[in-house]
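Enquirer: Okay, handing you the structure first.
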Amino acid sequence: MTAAREPLIVVAVALVDGDGRILVQRRPEGKPMAGLWEFPGGKLAPGETPEAALVRELHEELAIDVETACLAPACFASEALGDRHLLLLLYVCRKWSGTPQALAASALAWVRTPDLYALEMPPADRPLIGLLDALV
Ligand SMILES: Nc1nc2c([nH]c(=O)n2[C@@H]2O[C@H](COP(=O)(O)OP(=O)(O)OP(=O)(O)O)[C@@H](O)[C@H]2O)c(=O)[nH]1
């Protein structure tokens with residue numbers, strides 16, 4: 001009997017601009033779920049805290065710098081993802097330095113929360129839209 005794999009923890013962030021819009025990025029060709037829109041973020045490296053992982057991912061994916069204190073835990077999703085179970089921890093951040101650049105995505109878009117419903121997003125993200133709408 002093989003042991004079940006542990007849940008996959010992914011951290012992601014809703015960056016909120018001064019107009020209350022949220023940044024989403026489009027997954028590039030060649031990756032699973034290519035073409036879907038998602039919140040910037042990614043998997044934890046071994047031994048990394050969720051906040052440290054998010055600071056690193058935001059630097060790698062968007063070339064922005066964020067302080068841990070500016071990452072507010074907001075909500076989470078718990079969803080099957082292939083042969084794994086995904087725990088997607090979503091933070092909200094309103095303060096960063098630099099201008100986001102699409103270093104790891106095929107496109108970036110600033111979107112009002114109700115307009116997120118019209119975007120194709122991974123299944124785990126859909127339940128987060130209503131929760132985010134209540135928070136931003
Ligand atoms: N960043 C991010 N990942 C998400 C979201 N929703 C969601 O299901 N995921 C999934 O969570 C995982 C994120 O890990 P990742 O971004 O490091 O994965 P990846 O495949 O892009 O990169 P990798 O090449 O390092 O494996 C992916 O399987 C992705 O599909 C989301 O809103 N943001």
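FYI, nothing fancy with the structure tokens labels: chains A, B, ... in order, residues from 1 per chain, ligands from 1 as they appear.
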Around ligand 1, out to 6 Å and counting only C-alpha atoms and all ligand atoms, which residues are there? I want them as a list of chain:residue names.
Expert: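 Those residues are A:Val10, A:Ala12, A:Lys31, A:Glu38, A:Phe39, A:Pro40, A:Gly41, A:Gly42, A:Lys43, A:Pro122, A:Ala124, A:Asp125.
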Enquirer: Apply DSSP to the structure's backbone, then extract all residues of chain A labelled strand (DSSP E or B) and return them as JSON, numbers by chain.
Expert: {"A": [8, 9, 10, 11, 12, 13, 14, 15, 16, 22, 23, 24, 25, 26, 37, 38, 41, 42, 43, 65, 72, 73, 74, 75, 76, 77, 78, 79, 80, 81, 84, 85, 86, 87, 88, 89, 90, 91, 92, 93, 97, 107, 108, 109, 110, 111]}
Enquirer: Quick one: of A:Thr99, A:Thr113, A:Ser78, A:Ser106, who's nearest to A:Leu58, counting only C-alpha atoms?
Expert: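 Between A:Thr99, A:Thr113, A:Ser78, A:Ser106, the residue approaching A:Leu58 most closely is A:Thr99.
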Enquirer: Run DSSP on the backbone and tell me which residues of chain A come out as alpha helix (DSSP H); list them as a ChimeraX atom specification.
Expert: /A:50-62,113-116,126-135
Enquirer: Tell me which protein, DNA and RNA residues are within 12 Å of A:Pro46, counting only C-alpha atoms, leaving out same-chain ones fewer than 6 positions away, and put them as a list in words.
Expert: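 Those residues are Leu8, Ile9, Ala52 and Ala53 of chain A.
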Enquirer: Could you write those residues out with N, CA and C atoms, as a PDB file, in the first residue's frame?
Expert:
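Produced file result.pdb, reproduced below:
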ATOM      1  N   LEU A   8      -0.628  19.708  -1.063  1.00  0.00           N
ATOM      2  CA  LEU A   8       0.286  20.682  -1.667  1.00  0.00           C
ATOM      3  C   LEU A   8      -0.124  22.081  -1.177  1.00  0.00           C
ATOM      4  N   ILE A   9       0.812  22.736  -0.503  1.00  0.00           N
ATOM      5  CA  ILE A   9       0.504  24.086  -0.020  1.00  0.00           C
ATOM      6  C   ILE A   9       1.030  25.104  -1.018  1.00  0.00           C
ATOM      7  N   ALA A  52       7.495  34.060   3.580  1.00  0.00           N
ATOM      8  CA  ALA A  52       8.788  34.149   2.888  1.00  0.00           C
ATOM      9  C   ALA A  52       8.650  33.631   1.453  1.00  0.00           C
ATOM     10  N   ALA A  53       7.859  32.575   1.273  1.00  0.00           N
ATOM     11  CA  ALA A  53       7.652  32.037  -0.070  1.00  0.00           C
ATOM     12  C   ALA A  53       6.984  33.085  -0.964  1.00  0.00           C
TER      13      ALA A  53
END
Enquirer: Which of these, A:His59, A:Lys95, A:Arg26, A:Arg21, has the shortest distance to A:Leu132 once you count only C-alpha atoms?
Expert: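 Of the candidates, the smallest distance to A:Leu132 is held by A:Arg21.
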Enquirer: Of the residues A:Leu128, A:Leu90, A:Val66, A:Leu15, which is the one nearest to A:Val111, using only C-alpha atoms?
Expert: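 Comparing A:Leu128, A:Leu90, A:Val66, A:Leu15 against A:Val111, the winner is A:Leu15.
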Enquirer: If we count only C-alpha atoms and set the cut-off at 12 Å, which residues sit around A:Gly30, ignoring sequence neighbours fewer than 5 positions away in its own chain? Please answer as a PyMOL selection string.
Expert: chain A and resi 35+104-106
Enquirer: With only C-alpha atoms as the atoms that count, which of A:Leu54, A:Leu44, A:Leu62, A:Met33 lies nearest to A:Ala107?
Expert: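 So, comparing all the options, the nearest one is A:Leu62.
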Enquirer: Kindly indicate which residue among A:Leu119, A:Glu6, A:Val92, A:Leu36 lies nearest to A:Cys70, using only C-alpha atoms for the distances.
Expert: A:Val92
Enquirer: Take atom CA of A:Leu86 and atom CA of A:Ile129 and report the distance between them in Å, one decimal.
Expert: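 Between atom CA of A:Leu86 and atom CA of A:Ile129 the gap works out to 17.0 Å.
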